[in-house]
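J.: coords35.cif is the file, holding mmCIF, C-alpha atoms:
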data_upload
loop_
_atom_site.label_atom_id
_atom_site.label_comp_id
_atom_site.auth_asym_id
_atom_site.auth_seq_id
_atom_site.Cartn_x
_atom_site.Cartn_y
_atom_site.Cartn_z
CA MET A 1 0.00 0.00 0.00
CA ASN A 2 2.86 2.36 0.83
CA LYS A 3 4.37 2.01 -2.65
CA TYR A 4 1.07 3.04 -4.26
CA LEU A 5 0.89 6.02 -1.91
CA GLN A 6 4.32 7.05 -3.20
CA VAL A 7 3.06 6.58 -6.78
CA PHE A 8 0.13 8.86 -5.93
CA LYS A 9 2.45 11.58 -4.57
CA ILE A 10 4.88 11.42 -7.49
CA SER A 11 2.07 11.35 -10.06
CA PHE A 12 0.42 14.35 -8.40
CA GLN A 13 3.66 16.30 -8.71
CA GLN A 14 4.10 15.23 -12.33
CA GLU A 15 0.74 16.80 -13.19
CA PHE A 16 2.54 20.15 -12.91
CA ALA A 17 5.31 19.12 -15.30
CA TYR A 18 3.21 20.24 -18.29
CA PRO A 19 1.09 23.06 -16.83
CA LEU A 20 -0.03 24.42 -20.22
CA SER A 21 -1.48 21.06 -21.24
CA PHE A 22 -3.37 20.78 -17.95
CA VAL A 23 -4.67 24.35 -18.15
CA MET A 24 -5.90 23.85 -21.72
CA TRP A 25 -7.76 20.70 -20.63
CA ARG A 26 -9.51 22.69 -17.89
CA VAL A 27 -10.21 25.64 -20.24
CA ARG A 28 -11.77 23.22 -22.75
CA ASN A 29 -14.11 21.90 -20.09
CA VAL A 30 -15.11 25.38 -18.92
CA LEU A 31 -15.82 26.58 -22.49
CA GLN A 32 -17.91 23.47 -23.12
CA ILE A 33 -19.93 24.18 -19.96
CA PHE A 34 -20.47 27.78 -21.14
CA VAL A 35 -21.83 26.62 -24.49
CA VAL A 36 -24.14 24.00 -22.98
CA PHE A 37 -25.27 26.39 -20.23
CA PHE A 38 -26.36 29.17 -22.59
CA LEU A 39 -28.04 26.66 -24.88
CA TRP A 40 -30.26 25.24 -22.14
CA ASP A 41 -30.70 28.59 -20.42
CA THR A 42 -32.19 29.90 -23.67
CA VAL A 43 -34.41 26.84 -24.12
CA PHE A 44 -35.72 27.28 -20.56
CA SER A 45 -35.95 31.06 -20.74
CA PHE A 46 -39.44 30.84 -19.25
CA ARG A 47 -38.77 29.87 -15.64
CA GLU A 48 -41.92 27.76 -15.24
CA SER A 49 -41.43 25.74 -18.42
CA VAL A 50 -40.86 21.97 -18.25
CA LEU A 51 -39.25 20.10 -21.15
CA PHE A 52 -38.15 16.48 -21.42
CA GLY A 53 -39.04 16.08 -17.75
CA TYR A 54 -36.67 18.88 -16.68
CA ASP A 55 -37.44 22.26 -15.22
CA ARG A 56 -34.93 25.11 -15.42
CA ASP A 57 -33.37 24.34 -12.02
CA ARG A 58 -32.73 20.68 -12.81
CA ILE A 59 -31.39 21.17 -16.33
CA LEU A 60 -28.91 23.84 -15.19
CA THR A 61 -27.92 21.66 -12.25
CA TYR A 62 -27.24 18.91 -14.78
CA VAL A 63 -25.01 21.28 -16.77
CA PHE A 64 -23.03 22.39 -13.72
CA GLY A 65 -22.85 18.82 -12.46
CA LEU A 66 -20.86 18.02 -15.59
CA ILE A 67 -17.99 20.07 -14.14
CA PHE A 68 -17.55 17.66 -11.25
CA ILE A 69 -18.49 14.45 -13.03
CA LYS A 70 -16.09 15.04 -15.91
CA ALA A 71 -13.32 16.17 -13.55
CA PHE A 72 -13.66 13.02 -11.46
CA VAL A 73 -14.50 10.43 -14.12
CA LEU A 74 -13.03 11.51 -17.47
CA SER A 75 -9.72 12.87 -16.15
CA ALA A 76 -7.46 9.84 -16.52
CA ARG A 77 -3.73 9.25 -16.86
CA ALA A 78 -4.34 5.71 -18.14
CA GLN A 79 -4.71 7.15 -21.63
CA ASP A 80 -0.88 7.18 -21.72
CA VAL A 81 -0.71 3.38 -21.55
CA ALA A 82 -0.98 3.01 -25.34
CA GLY A 83 2.12 5.15 -25.81
CA GLU A 84 4.11 3.06 -23.34
CA ILE A 85 3.18 -0.13 -25.19
CA ALA A 86 4.07 1.37 -28.57
CA ARG A 87 7.46 2.60 -27.27
CA GLY A 88 8.25 -0.67 -25.49
CA GLU A 89 8.41 1.07 -22.10
CA ILE A 90 5.83 -1.25 -20.56
CA ILE A 91 8.58 -3.88 -20.09
CA ASN A 92 10.17 -1.67 -17.42
CA TYR A 93 7.03 -1.90 -15.27
CA LEU A 94 6.67 -5.64 -15.67
CA LEU A 95 10.09 -6.08 -14.06
CA LYS A 96 9.08 -4.11 -10.97
CA PRO A 97 7.15 -5.38 -7.90
CA VAL A 98 3.99 -3.46 -8.78
CA ASN A 99 0.67 -4.44 -10.25
CA TYR A 100 0.44 -2.57 -13.56
CA PHE A 101 -3.31 -2.01 -13.34
CA LYS A 102 -3.16 -0.82 -9.72
CA TYR A 103 -0.27 1.46 -10.66
CA TRP A 104 -2.31 3.22 -13.35
CA LEU A 105 -5.47 3.29 -11.22
CA THR A 106 -3.43 5.08 -8.54
CA ARG A 107 -2.15 7.56 -11.13
CA ASP A 108 -5.73 8.07 -12.31
CA ILE A 109 -6.91 8.86 -8.78
CA SER A 110 -4.06 11.35 -8.43
CA SER A 111 -5.13 13.09 -11.64
CA LYS A 112 -8.77 13.08 -10.56
CA THR A 113 -7.85 14.66 -7.21
CA LEU A 114 -6.07 17.57 -8.88
CA ASN A 115 -8.84 18.03 -11.45
CA LEU A 116 -11.47 17.98 -8.71
CA ILE A 117 -9.65 20.75 -6.84
CA PHE A 118 -9.68 22.91 -9.97
CA ALA A 119 -13.30 21.95 -10.68
CA VAL A 120 -14.35 23.42 -7.32
CA GLY A 121 -12.68 26.70 -8.23
CA GLU A 122 -14.25 26.69 -11.69
CA PHE A 123 -17.66 25.94 -10.19
CA ILE A 124 -17.42 28.91 -7.82
CA LEU A 125 -16.19 31.21 -10.60
CA LEU A 126 -18.95 30.19 -13.02
CA TYR A 127 -21.57 30.45 -10.31
CA LEU A 128 -20.51 34.03 -9.53
CA ILE A 129 -20.58 34.93 -13.22
CA LEU A 130 -23.76 33.13 -14.32
CA LYS A 131 -25.72 32.94 -11.03
CA PRO A 132 -27.79 29.92 -12.12
CA PRO A 133 -30.58 28.33 -10.05
CA PHE A 134 -29.77 24.93 -8.55
CA TYR A 135 -31.56 21.81 -7.46
CA PHE A 136 -30.07 20.58 -4.17
CA GLN A 137 -30.49 16.90 -3.37
CA THR A 138 -31.23 16.48 0.36
CA ASN A 139 -32.16 12.79 0.49
CA PRO A 140 -29.18 11.02 2.19
CA VAL A 141 -30.03 7.69 0.51
CA GLN A 142 -30.07 9.31 -2.92
CA ILE A 143 -26.78 11.09 -2.19
CA THR A 144 -25.18 7.81 -1.07
CA LEU A 145 -26.34 6.05 -4.23
CA PHE A 146 -25.06 9.00 -6.27
CA LEU A 147 -21.58 8.54 -4.76
CA ILE A 148 -21.76 4.78 -5.42
CA SER A 149 -22.70 5.45 -9.05
CA ILE A 150 -19.68 7.78 -9.35
CA GLY A 151 -17.40 4.99 -8.13
CA LEU A 152 -18.90 2.60 -10.68
CA ALA A 153 -18.46 5.22 -13.42
CA ILE A 154 -14.77 5.63 -12.58
CA LEU A 155 -14.16 1.88 -12.80
CA THR A 156 -16.14 1.58 -16.04
CA TYR A 157 -14.18 4.32 -17.77
CA PHE A 158 -10.86 3.01 -16.45
CA LEU A 159 -11.55 -0.48 -17.84
CA LEU A 160 -12.67 0.94 -21.19
CA LEU A 161 -9.42 2.90 -21.41
CA PHE A 162 -7.29 -0.16 -20.70
CA ILE A 163 -9.12 -2.21 -23.32
CA VAL A 164 -8.70 0.48 -25.98
CA ASN A 165 -5.07 1.08 -25.00
CA ALA A 166 -4.26 -2.57 -25.72
CA ILE A 167 -4.52 -1.89 -29.48
CA PRO A 168 -0.75 -1.08 -29.81
CA PHE A 169 0.06 -4.68 -28.86
CA TRP A 170 -0.93 -5.51 -32.45
CA ALA A 171 -0.84 -2.10 -34.18
CA PRO A 172 1.56 0.34 -32.44
CA GLU A 173 0.62 3.25 -34.69
CA MET A 174 -3.14 2.98 -34.06
CA GLY A 175 -3.20 3.61 -30.31
CA TRP A 176 -4.26 7.25 -30.55
CA GLY A 177 -6.89 6.51 -33.21
CA GLY A 178 -8.62 3.93 -31.01
CA HIS A 179 -8.45 6.23 -28.00
CA PHE A 180 -9.94 9.11 -29.98
CA LEU A 181 -12.78 6.97 -31.35
CA VAL A 182 -13.85 5.51 -28.01
CA THR A 183 -13.08 8.16 -25.39
CA VAL A 184 -13.55 11.34 -27.43
CA ILE A 185 -16.38 10.41 -29.79
CA LEU A 186 -18.34 7.50 -28.28
CA VAL A 187 -17.97 8.42 -24.61
CA GLU A 188 -18.54 12.16 -25.10
CA PHE A 189 -21.66 11.60 -27.18
CA LEU A 190 -23.21 8.51 -25.61
CA SER A 191 -22.43 9.19 -21.94
CA GLY A 192 -24.56 12.32 -21.62
CA SER A 193 -21.59 14.68 -21.56
CA LEU A 194 -23.07 16.93 -24.25
CA PHE A 195 -26.80 16.62 -23.46
CA PRO A 196 -29.10 14.53 -21.22
CA LEU A 197 -29.73 11.23 -22.95
CA ASP A 198 -33.41 11.20 -22.04
CA ILE A 199 -34.12 13.83 -24.69
CA LEU A 200 -33.48 11.11 -27.28
CA PRO A 201 -36.29 8.88 -28.63
CA VAL A 202 -37.36 6.18 -26.18
CA ASN A 203 -36.18 3.34 -28.42
CA ILE A 204 -32.66 4.77 -28.54
CA GLN A 205 -32.69 5.31 -24.77
CA ASN A 206 -33.66 1.69 -24.22
CA VAL A 207 -30.81 0.46 -26.41
CA LEU A 208 -28.27 2.75 -24.73
CA SER A 209 -29.40 1.62 -21.27
CA PHE A 210 -27.88 -1.80 -22.00
CA THR A 211 -24.49 -0.34 -22.95
CA PRO A 212 -21.84 0.90 -20.46
CA PHE A 213 -21.78 4.49 -21.75
CA PRO A 214 -24.78 6.09 -19.94
CA TYR A 215 -23.43 4.90 -16.59
CA ILE A 216 -20.30 7.03 -16.98
CA ILE A 217 -21.97 10.47 -16.71
CA PHE A 218 -25.72 10.45 -17.40
CA PHE A 219 -26.82 7.90 -14.80
CA PRO A 220 -24.95 9.45 -11.81
CA LEU A 221 -26.44 12.86 -12.59
CA GLN A 222 -29.91 11.34 -12.92
CA VAL A 223 -29.49 9.75 -9.51
CA TYR A 224 -28.48 13.09 -7.97
CA LEU A 225 -31.41 14.90 -9.57
CA GLY A 226 -33.83 12.28 -8.22
CA LYS A 227 -35.05 11.38 -11.70
CA VAL A 228 -34.08 7.73 -11.17
CA THR A 229 -35.52 6.01 -8.11
CA GLY A 230 -36.83 2.65 -6.96
CA ILE A 231 -36.59 -0.27 -9.37
CA LEU A 232 -35.07 1.85 -12.17
CA LEU A 233 -32.26 2.97 -9.88
CA PHE A 234 -31.62 -0.62 -8.75
CA LYS A 235 -31.64 -1.78 -12.37
CA GLY A 236 -29.14 0.93 -13.36
CA ILE A 237 -26.68 -0.02 -10.61
CA VAL A 238 -26.99 -3.73 -11.45
CA VAL A 239 -26.33 -3.05 -15.17
CA ALA A 240 -23.35 -0.84 -14.28
CA ILE A 241 -21.88 -3.58 -12.05
CA PHE A 242 -22.56 -6.15 -14.76
CA TRP A 243 -20.59 -4.10 -17.29
CA ILE A 244 -17.69 -3.65 -14.86
CA ILE A 245 -17.48 -7.43 -14.46
CA VAL A 246 -17.72 -8.01 -18.23
CA LEU A 247 -15.13 -5.33 -19.01
CA TRP A 248 -12.79 -6.65 -16.31
CA PHE A 249 -12.75 -10.17 -17.77
CA PHE A 250 -12.56 -8.84 -21.31
CA MET A 251 -9.66 -6.55 -20.38
CA ASN A 252 -7.72 -9.44 -18.83
CA TRP A 253 -8.39 -11.58 -21.90
CA VAL A 254 -7.27 -8.83 -24.30
CA TRP A 255 -4.09 -8.13 -22.32
CA SER A 256 -3.27 -11.82 -22.06
CA LYS A 257 -3.56 -12.15 -25.84
CA GLY A 258 -1.70 -8.89 -26.29
CA PHE A 259 1.37 -9.96 -24.32
CA LYS A 260 1.58 -13.15 -26.36
CA ALA A 261 1.62 -11.12 -29.57
CA TYR A 262 3.82 -8.31 -28.23
CA GLN A 263 7.21 -7.86 -29.90
CA ALA A 264 8.38 -4.96 -27.68
CA TYR A 265 10.32 -3.33 -30.47
CA GLY A 266 9.72 0.22 -29.25
CA ARG A 267 10.71 3.23 -31.30
#
Will you turn the file into C-alpha cells for me?

T.:
Amino acid sequence: MNKYLQVFKISFQQEFAYPLSFVMWRVRNVLQIFVVFFLWDTVFSFRESVLFGYDRDRILTYVFGLIFIKAFVLSARAQDVAGEIARGEIINYLLKPVNYFKYWLTRDISSKTLNLIFAVGEFILLYLILKPPFYFQTNPVQITLFLISIGLAILTYFLLLFIVNAIPFWAPEMGWGGHFLVTVILVEFLSGSLFPLDILPVNIQNVLSFTPFPYIIFFPLQVYLGKVTGILLFKGIVVAIFWIIVLWFFMNWVWSKGFKAYQAYGR
C-alpha cells in the first residue's frame, strides 16, 4: 500500500510538469460548460417551463454537475498506456514489484484529485458569473447512491481505457486513433456529456441503457437529480456492475492475448 501512496504523490507532482497542457484541458471543459449552459438557459428562458421532464433548475444543475463528473470520471492518466506499449516502455514496469493495473489506477486517482480541486474553483467562478438556479439533493439515501454510481463510473471508464489502449500490442501506430474513437467520440456523445440522454427517442434510450456508456456520466447525474428512483435505480446499478465485471474479464483476456503477440520493439 505504501508504494502506491508514493506513486500517488509522485504522479500528483508530475501533473505540474506540463502546466499548459493541464490548463488547456480545464479551459476546454469550462468553455464546453459555457456553451451547454447558454443553450439550455435559452431553451428554458421561461422559468416555469418543463421540457423532457426537466425544469430550469434541474437542467442547469445537470449542466453544472458536468464540471464535477467530468473532472472526477473523465480525467485519466491511463490514456498514456498506449504510448508506453508502442514505445516498449511497458517492459520496465513488468520487471518491478507493482501491479500494472493498480499502478495506473493510482495515477488516475491522483489526476482526478487535482482536477477535482480545480473543478471546485471553476464551479465557484462560473456560479458568480452566471448565477444559475440549482436543485439541491437532500435525500441522504439518494446522495449515497449517487456517490456509489460515481465509483462505478470511474471503474467503467478506467476499464474501457485499458481495453482500448491494448490496441498497440498488435498495431503500435493505431493507439491514438482507437483512443480518440472511443473516449472522445463515443464516450462524449453517448455518456450524456453533451446533453441529457433522455431527450433522445425512447427506443434509442432503451438500447443505450444496455451499454456501459450512460453509466459514466448520465446515470450518476440522474441519480443526484432524483429522476431515477426505486426499481429503475436498482436496475441501473446492477447493469453498471454487470458491465464492470464483463469489461474486467474482457480486459484481462485482451491483455493476455496482447502480451503473447507483443514484440516490444519500441521506437

J.: Within 10 Å of Ile199 in chain A, counting only C-alpha atoms, which residues show up once you throw out same-chain ones fewer than 2 positions away? Write them as a PyMOL selection string, please.

T.: chain A and resi 51-54+195-197+201-202+204-205

J.: Any idea what's packed within 12 Å of Glu188 in chain A, counting only C-alpha atoms, ignoring anything in its chain fewer than 2 positions away? Could you give it as a short mmCIF file (atom, residue, chain, number, x, y, z; two decimals) with C-alpha atoms, keeping the file's coordinate frame?

T.:
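This went into selection08.cif:
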data_model
loop_
_atom_site.label_atom_id
_atom_site.label_comp_id
_atom_site.auth_asym_id
_atom_site.auth_seq_id
_atom_site.Cartn_x
_atom_site.Cartn_y
_atom_site.Cartn_z
CA ASN A 29 -14.11 21.90 -20.09
CA GLN A 32 -17.91 23.47 -23.12
CA LEU A 66 -20.86 18.02 -15.59
CA LYS A 70 -16.09 15.04 -15.91
CA VAL A 73 -14.50 10.43 -14.12
CA LEU A 74 -13.03 11.51 -17.47
CA TYR A 157 -14.18 4.32 -17.77
CA PHE A 180 -9.94 9.11 -29.98
CA LEU A 181 -12.78 6.97 -31.35
CA VAL A 182 -13.85 5.51 -28.01
CA THR A 183 -13.08 8.16 -25.39
CA VAL A 184 -13.55 11.34 -27.43
CA ILE A 185 -16.38 10.41 -29.79
CA LEU A 186 -18.34 7.50 -28.28
CA LEU A 190 -23.21 8.51 -25.61
CA SER A 191 -22.43 9.19 -21.94
CA GLY A 192 -24.56 12.32 -21.62
CA SER A 193 -21.59 14.68 -21.56
CA LEU A 194 -23.07 16.93 -24.25
CA PHE A 195 -26.80 16.62 -23.46
CA PRO A 196 -29.10 14.53 -21.22
CA LEU A 197 -29.73 11.23 -22.95
CA PHE A 213 -21.78 4.49 -21.75
CA PRO A 214 -24.78 6.09 -19.94
CA ILE A 216 -20.30 7.03 -16.98
CA ILE A 217 -21.97 10.47 -16.71
CA PHE A 218 -25.72 10.45 -17.40
#

J.: Between CA of Ile143 in chain A and CA of Lys227 in chain A, what is the distance, to one decimal in Å?

T.: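 Value for the CA of Ile143 in chain A-CA of Lys227 in chain A distance: 12.6 Å.
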
J.: Name the residues in contact with Leu126 in chain A at a cut-off of 10 Å, using all atoms listed in the file, excluding same-chain residues fewer than 5 positions from it; report them as a list in words.

T.: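 Once the adjacent positions are removed, what remains is Val30, Ile33, Phe34, Phe64, Val120, Gly121, Lys131 and Pro132 of chain A.
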
J.: With only C-alpha atoms as the atoms that count, which of A:Gln6, A:Thr229, A:Ser209, A:Ser75 lies nearest to Phe118 in chain A?

T.: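 Among the listed residues, the smallest separation from Phe118 in chain A belongs to A:Ser75.
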
J.: Restricting the calculation to all atoms listed in the file: of A:Ala71, A:Val81, A:Ile245, A:Ile129, which residue gets closest to Ile117 in chain A?

T.: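 Between A:Ala71, A:Val81, A:Ile245, A:Ile129, the residue approaching Ile117 in chain A most closely is A:Ala71.
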
J.: Going by the chain IDs and residue numbers used in this file, which residues fall under the PyMOL selection byres ((chain A and resi 78) around 7)? Write them as a ChimeraX atom specification.

T.: /A:76-77,79-81,104,108,161

J.: When you draw a straight line from CA of Ile67 in chain A to CA of Ile163 in chain A, how long is it in Å?

T.: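 One can read the CA of Ile67 in chain A to CA of Ile163 in chain A distance as 25.7 Å.
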
J.: To verify the selection step, state as a PyMOL selection string which residues the PyMOL selection byres ((chain A and resi 139) around 12) yields on this input.

T.: chain A and resi 136-138+140-146+223-226+229

J.: Identify which of the residues A:Phe12, A:Phe250, A:Trp40, A:Phe72 lies closest to Gly151 in chain A, counting all atoms listed in the file when measuring atom-to-atom distances.

T.: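 Going through A:Phe12, A:Phe250, A:Trp40, A:Phe72 one by one, the smallest distance to Gly151 in chain A is for A:Phe72.
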
J.: Rebuild range 232-256 of chain A to N, CA and C atoms - output it as a compact mmCIF listing (two decimals), in the frame of the given file, please.

T.:
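Produced file rebuild_18.txt, reproduced below:
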# COMPACT_ATOMS: atom_id res chain seq x y z
N LEU A 232 -35.91 1.37 -11.07
CA LEU A 232 -35.07 1.85 -12.17
C LEU A 232 -33.65 2.15 -11.67
N LEU A 233 -33.56 2.68 -10.45
CA LEU A 233 -32.26 2.97 -9.88
C LEU A 233 -31.51 1.66 -9.61
N PHE A 234 -32.22 0.69 -9.04
CA PHE A 234 -31.62 -0.62 -8.75
C PHE A 234 -31.16 -1.28 -10.05
N LYS A 235 -31.99 -1.20 -11.09
CA LYS A 235 -31.64 -1.78 -12.37
C LYS A 235 -30.38 -1.12 -12.94
N GLY A 236 -30.30 0.21 -12.83
CA GLY A 236 -29.14 0.93 -13.36
C GLY A 236 -27.85 0.51 -12.67
N ILE A 237 -27.88 0.38 -11.35
CA ILE A 237 -26.68 -0.02 -10.61
C ILE A 237 -26.29 -1.45 -10.96
N VAL A 238 -27.28 -2.33 -11.09
CA VAL A 238 -26.99 -3.73 -11.45
C VAL A 238 -26.35 -3.80 -12.84
N VAL A 239 -26.90 -3.04 -13.81
CA VAL A 239 -26.33 -3.05 -15.17
C VAL A 239 -24.92 -2.48 -15.15
N ALA A 240 -24.69 -1.42 -14.36
CA ALA A 240 -23.35 -0.84 -14.28
C ALA A 240 -22.35 -1.85 -13.70
N ILE A 241 -22.75 -2.56 -12.65
CA ILE A 241 -21.88 -3.58 -12.05
C ILE A 241 -21.64 -4.72 -13.05
N PHE A 242 -22.69 -5.10 -13.75
CA PHE A 242 -22.56 -6.15 -14.76
C PHE A 242 -21.50 -5.78 -15.79
N TRP A 243 -21.55 -4.52 -16.27
CA TRP A 243 -20.59 -4.10 -17.29
C TRP A 243 -19.17 -4.04 -16.73
N ILE A 244 -19.02 -3.67 -15.47
CA ILE A 244 -17.69 -3.65 -14.86
C ILE A 244 -17.11 -5.05 -14.84
N ILE A 245 -17.94 -6.04 -14.48
CA ILE A 245 -17.48 -7.43 -14.46
C ILE A 245 -17.10 -7.90 -15.87
N VAL A 246 -17.98 -7.61 -16.84
CA VAL A 246 -17.72 -8.01 -18.23
C VAL A 246 -16.44 -7.36 -18.75
N LEU A 247 -16.31 -6.05 -18.52
CA LEU A 247 -15.13 -5.33 -19.01
C LEU A 247 -13.86 -5.80 -18.32
N TRP A 248 -13.96 -6.16 -17.04
CA TRP A 248 -12.79 -6.65 -16.31
C TRP A 248 -12.27 -7.95 -16.94
N PHE A 249 -13.17 -8.90 -17.17
CA PHE A 249 -12.75 -10.17 -17.77
C PHE A 249 -12.28 -9.98 -19.20
N PHE A 250 -12.96 -9.09 -19.94
CA PHE A 250 -12.56 -8.84 -21.31
C PHE A 250 -11.20 -8.17 -21.36
N MET A 251 -10.96 -7.22 -20.44
CA MET A 251 -9.66 -6.55 -20.38
C MET A 251 -8.55 -7.54 -20.11
N ASN A 252 -8.74 -8.44 -19.14
CA ASN A 252 -7.72 -9.44 -18.83
C ASN A 252 -7.47 -10.37 -20.01
N TRP A 253 -8.54 -10.72 -20.73
CA TRP A 253 -8.39 -11.58 -21.90
C TRP A 253 -7.60 -10.88 -23.00
N VAL A 254 -7.95 -9.61 -23.26
CA VAL A 254 -7.27 -8.83 -24.30
C VAL A 254 -5.80 -8.66 -23.97
N TRP A 255 -5.49 -8.34 -22.71
CA TRP A 255 -4.09 -8.13 -22.32
C TRP A 255 -3.30 -9.43 -22.35
N SER A 256 -3.95 -10.53 -21.98
CA SER A 256 -3.27 -11.82 -22.06
C SER A 256 -2.90 -12.15 -23.50
